[in-house]
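Trainee: One structure is given below, represented as structure tokens, and several questions about it will come after.
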Amino acid sequence: MTPVMDWSAAEIARKVRSGEISAAEMLAASLERIRLTDGISGQVGLTQWDEAEERKVHAFIQISKDLAEAQAAAVDAKAARGEDPGLLAGVPVAIKDIFCVEGTHTTAGSRMLANFRPPYTATPVQRLIDAGALVVGKANMDEFAYGSSSESSAFQPSPNNPWDPTRVPGGSSGGSAASVASTEVALSLGSDTGGSIRQPSSFCGVVGMKPTYGRVSRYGMIAFASSLDCPGPLARTVSDAALMLQVIAGEDPRDSTTSQQPVPDYQLALQQDVHGLRIGLSPDYDRIVFPDVETGEIGTEPIQAEVSRAVYDAAEQLARQGAEIVEDVPMPNARHGIPTYFVISRVEASSNLHRFDGVKYGYRTAQPVSDLNELYRLSRAEGFGTEPKLRILMGMYVSSAAYSHQYYLRARKVRAMIRRDFDTAFDPAGAYRLDALLTPTTPTTAFKRKAVYGNSVLMQYADQMTVSANHAGLPALSFPGGLDGQGLPIGLQLIAGDFREDLLLRIAHAYELATRQAAWRSAVPEAVRNEASK
Amino acid sequence: MGPDRITPELFDKLTSLAALALVESEKEYLRAELNHQLAAVRELSEIPLEEDILPTLHGLAIPPKPSRPDVSDAFPEPGKIVAQAPESEEGMFAVPDVAHRKSEEE
């Protein structure tokens, strides 16, 4: 019999709704899996731990057992009364610790918010709870979502990659991806500003979607870069990602940037094949363009060969299912995505971080201070880690009166050019008429811990393939596309037009079905294998 | 190596504006990383801009109309908000003295 925690979210909900298993039993199974695989939760100030902890996943900052028990009891009570307990009845979920959840600490992975207990719950989390999901814990992440490895969290140990614990799970939603990959939970809610859902999904071999800007409410999500931030699902299958998106998507009167566009039935999309869909490949996503940090000289390198091959293999699979593959689609401005992001995301981040001042909530210095200014300066210096400080300073510099024309205004124009590349590719009357673009999610598979951390430029380039969809506001999905020679997951990305999440799900689902028998599909992450063998 | 755009003097000015009292040991790393990032950003100045391109604030147009009237809605339990403050007095946030500027006093 399949272990309970290997069940998909859809399977769990079906069984809880039919009374085959209770939500309380599901919660117990999830907590037991976490006990076996996760090890100690991240803590501020922790610098040493037992060697055995090096092999653990450490996806969580906090396990919210009491909260989840109350939610499970509510689901089971509803089922006992003959009421429908919801689309996600009894499904254990991990919430990235960037979302406010009443009854938990909400830290954004920062010392600044280590003691913050929000008085309300974020809209997408509330929708999950209303649909019967069980919030089992808050997932670790890069501090304020600033990073691509989760190593910058103030809560250590930061998460490891379940496939190889000497490697990072990606970031910033690293705890989310690791918790789903190691079957501690079935689903996780993440957030994506430059690739923070898709890049860790790729590194951990799970499905992750950045929806269209405005598709999912950000009420109750701690802001990073407000013109780019999108909450979205992480799951082990495309249909589970579709199910979760169904629950969290849609207008919210509490977030004026949410779209009033109706939410389609994503499960219906999964029933359609890819016959006749036009899927593009671009040479501009087959290489990385990277500057020398000392000279600024631009160099070009091919992406990891196995990743590139996986993209072409997937295109072949989809062609066999009846899709039309369109090669050589030019995306000339994709290479400018990271420099543009360095400017826009930092300007917005520094603005959003001004609110943390040691007065209304969060960290306040314990040192004696002479006046309010000193309180601000010390509280911010002690409460923020290195990466937020760097982003504040960079954002202030490039938006200052003397330099904003050279940097910020120019970046906003390049951003419009990045969007125009996609408009051209998706134009139904244009030369390419694409339904979606197929690319790698990341230039390489998961890198080693400490291999990149500390080099803020190299770390940012981990998002080179993902960041353009954020600039353009478009939906993009990362899904597993095989393993490399070291047994590490390869992620493939699909990008579609505004509000065409249905197309992304439909194509990725077709690929998933076509590769169901592939040998790599039966591979199990090391963290799970270790437990199964005991 | 090109000139450091962010000199130690400019760096100190930025940290002051950012309200960050940094310790010496982190200053050098942060300044070096800022200069590395600016080197990476330099290519922006070399991109030929399309003539008709307008700067954008969002990739996707934000919704044309707000989904509710712009009316404030008081939080039902303000005590829960004030309870998060590091220091409060009689339901209000408490702070040390606000600094006085000499120029204002004169």
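Ordering of the structure tokens sets the chain letters (A, B, ...), residue numbers begin anew at 1 in every chain, and ligands are numbered from 1 in the order given.
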Set the distance at 9 Å and use only C-alpha atoms: which residues neighbour region 17-26 of chain A once local chain neighbours fewer than 2 positions away are removed? I'd like the list as a VMD selection string.
Mentor: chain A and resid 4 to 5 12 to 15 28 to 31 68 to 69 71 to 76 79 to 80 84 to 87 89 to 92 132 to 134
Trainee: Counting only C-alpha atoms, which residues of chain B come no farther than 8 Å from chain A, as a PyMOL selection string?
Mentor: chain B and resi 1-2+14-15+18-22+30+33-34+36-37+39-45+49-50+53-60+62-63+66-68+80-82+84-87+93-99
Trainee: Mind dumping the selected residues with N, CA and C atoms as a short mmCIF file (atom, residue, chain, number, x, y, z; two decimals), in the first residue's frame?
Mentor:
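Heads up, here's the output in result.cif:
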```cif
data_model
loop_
_atom_site.label_atom_id
_atom_site.label_comp_id
_atom_site.auth_asym_id
_atom_site.auth_seq_id
_atom_site.Cartn_x
_atom_site.Cartn_y
_atom_site.Cartn_z
N MET B 1 40.12 46.78 -13.21
CA MET B 1 38.88 47.03 -12.44
C MET B 1 38.47 48.49 -12.57
N GLY B 2 37.21 48.72 -12.79
CA GLY B 2 36.72 50.08 -12.95
C GLY B 2 36.70 50.82 -11.61
N LEU B 14 24.89 56.98 2.38
CA LEU B 14 23.76 56.07 2.13
C LEU B 14 23.30 55.37 3.41
N THR B 15 24.26 54.93 4.22
CA THR B 15 23.87 54.21 5.44
C THR B 15 23.15 55.15 6.40
N ALA B 18 19.69 55.55 5.12
CA ALA B 18 18.96 54.29 5.28
C ALA B 18 18.68 53.97 6.75
N ALA B 19 19.15 54.82 7.65
CA ALA B 19 19.00 54.60 9.10
C ALA B 19 19.55 53.24 9.51
N LEU B 20 20.81 53.02 9.15
CA LEU B 20 21.49 51.77 9.50
C LEU B 20 22.80 52.11 10.20
N ALA B 21 22.91 51.75 11.46
CA ALA B 21 24.16 51.98 12.20
C ALA B 21 25.04 50.75 12.03
N LEU B 22 25.86 50.72 10.98
CA LEU B 22 26.62 49.52 10.66
C LEU B 22 27.91 49.45 11.47
N LEU B 30 29.79 45.00 2.43
CA LEU B 30 28.60 45.57 1.79
C LEU B 30 28.99 46.53 0.67
N GLU B 33 30.21 44.53 -2.37
CA GLU B 33 29.11 43.88 -3.08
C GLU B 33 28.28 44.90 -3.86
N LEU B 34 28.08 46.08 -3.27
CA LEU B 34 27.34 47.13 -3.99
C LEU B 34 28.06 47.48 -5.29
N HIS B 36 30.10 45.57 -6.96
CA HIS B 36 29.96 44.43 -7.89
C HIS B 36 28.60 44.47 -8.57
N GLN B 37 27.56 44.75 -7.79
CA GLN B 37 26.21 44.79 -8.38
C GLN B 37 26.11 45.92 -9.41
N ALA B 39 28.50 47.00 -11.22
CA ALA B 39 29.21 46.55 -12.42
C ALA B 39 28.27 45.67 -13.26
N ALA B 40 27.48 44.84 -12.57
CA ALA B 40 26.54 43.96 -13.29
C ALA B 40 25.42 44.76 -13.94
N VAL B 41 25.09 45.87 -13.34
CA VAL B 41 23.98 46.68 -13.84
C VAL B 41 24.43 47.60 -14.99
N ARG B 42 25.75 47.72 -15.12
CA ARG B 42 26.28 48.68 -16.11
C ARG B 42 25.76 48.42 -17.52
N GLU B 43 25.50 47.14 -17.82
CA GLU B 43 25.06 46.86 -19.20
C GLU B 43 23.74 47.56 -19.54
N LEU B 44 22.96 47.91 -18.52
CA LEU B 44 21.70 48.62 -18.80
C LEU B 44 21.96 49.90 -19.60
N SER B 45 23.07 50.58 -19.25
CA SER B 45 23.33 51.87 -19.91
C SER B 45 23.75 51.67 -21.35
N LEU B 49 17.82 51.49 -26.59
CA LEU B 49 16.39 51.48 -26.27
C LEU B 49 15.57 51.65 -27.54
N GLU B 50 14.49 50.90 -27.61
CA GLU B 50 13.59 51.07 -28.75
C GLU B 50 12.97 52.45 -28.64
N ILE B 53 9.58 53.17 -26.83
CA ILE B 53 9.33 52.45 -25.57
C ILE B 53 9.09 53.43 -24.43
N LEU B 54 8.05 53.16 -23.64
CA LEU B 54 7.74 53.99 -22.48
C LEU B 54 8.09 53.22 -21.22
N PRO B 55 8.58 53.90 -20.18
CA PRO B 55 8.91 53.17 -18.96
C PRO B 55 7.64 52.58 -18.34
N THR B 56 7.75 51.40 -17.78
CA THR B 56 6.57 50.78 -17.17
C THR B 56 6.80 50.55 -15.68
N LEU B 57 5.73 50.57 -14.92
CA LEU B 57 5.81 50.26 -13.50
C LEU B 57 5.33 48.84 -13.23
N HIS B 58 4.57 48.28 -14.18
CA HIS B 58 4.06 46.92 -14.05
C HIS B 58 4.17 46.22 -15.40
N GLY B 59 4.46 44.91 -15.38
CA GLY B 59 4.49 44.18 -16.63
C GLY B 59 3.10 44.12 -17.24
N LEU B 60 2.13 43.94 -16.36
CA LEU B 60 0.74 43.76 -16.78
C LEU B 60 -0.03 44.96 -16.23
N ILE B 62 -2.44 47.15 -14.32
CA ILE B 62 -3.17 46.83 -13.09
C ILE B 62 -4.67 47.03 -13.33
N PRO B 63 -5.53 46.42 -12.52
CA PRO B 63 -6.97 46.45 -12.81
C PRO B 63 -7.49 47.87 -13.01
N PRO B 66 -10.93 49.75 -8.93
CA PRO B 66 -10.79 49.03 -7.67
C PRO B 66 -12.03 48.20 -7.40
N SER B 67 -11.85 47.09 -6.69
CA SER B 67 -12.98 46.18 -6.51
C SER B 67 -13.84 46.55 -5.31
N ARG B 68 -13.49 47.63 -4.62
CA ARG B 68 -14.38 48.10 -3.54
C ARG B 68 -14.16 49.60 -3.37
N LYS B 80 -4.87 44.02 19.67
CA LYS B 80 -4.00 42.98 19.13
C LYS B 80 -2.85 43.59 18.33
N ILE B 81 -3.09 44.75 17.74
CA ILE B 81 -2.04 45.43 16.97
C ILE B 81 -1.03 46.05 17.93
N VAL B 82 -1.55 46.77 18.90
CA VAL B 82 -0.66 47.45 19.84
C VAL B 82 0.15 46.42 20.65
N GLN B 84 1.69 44.02 19.61
CA GLN B 84 2.91 43.67 18.88
C GLN B 84 4.04 44.68 19.08
N ALA B 85 3.71 45.83 19.63
CA ALA B 85 4.73 46.88 19.76
C ALA B 85 5.77 46.49 20.80
N PRO B 86 7.05 46.78 20.54
CA PRO B 86 8.08 46.50 21.54
C PRO B 86 7.79 47.24 22.85
N GLU B 87 7.17 48.41 22.76
CA GLU B 87 6.83 49.17 23.97
C GLU B 87 5.55 49.95 23.70
N PHE B 93 1.74 53.47 20.93
CA PHE B 93 3.15 53.08 20.75
C PHE B 93 4.03 54.06 21.52
N ALA B 94 5.00 53.52 22.25
CA ALA B 94 5.89 54.39 23.03
C ALA B 94 7.27 54.44 22.38
N VAL B 95 7.83 55.64 22.25
CA VAL B 95 9.16 55.82 21.64
C VAL B 95 9.97 56.77 22.51
N PRO B 96 11.30 56.71 22.37
CA PRO B 96 12.12 57.70 23.09
C PRO B 96 11.93 59.08 22.48
N ASP B 97 12.60 60.07 23.07
CA ASP B 97 12.46 61.44 22.57
C ASP B 97 12.77 61.54 21.09
N VAL B 98 12.03 62.38 20.41
CA VAL B 98 12.32 62.68 19.01
C VAL B 98 13.49 63.66 19.01
N ALA B 99 14.50 63.38 18.16
CA ALA B 99 15.69 64.25 18.13
C ALA B 99 15.33 65.64 17.65
#
```
Trainee: One number please: CA of Ala131 (chain A) to CA of Ala242 (chain A), in Å, one decimal.
Mentor: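 If I compute the distance from CA of Ala131 (chain A) to CA of Ala242 (chain A), I get 14.2 Å.
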Trainee: Measuring between only C-alpha atoms, which one of A:Val101, A:Ala269, A:Val263, A:Val57 shows the shortest distance to Ala508 (chain A)?
Mentor: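 Closest candidate: A:Ala269.
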Trainee: Mind giving me the straight-line distance from CA of Phe447 (chain A) to CA of Glu26 (chain B) in Å, one decimal?
Mentor: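 Taking CA of Phe447 (chain A) as the start and CA of Glu26 (chain B) as the end point, the length is 25.8 Å.
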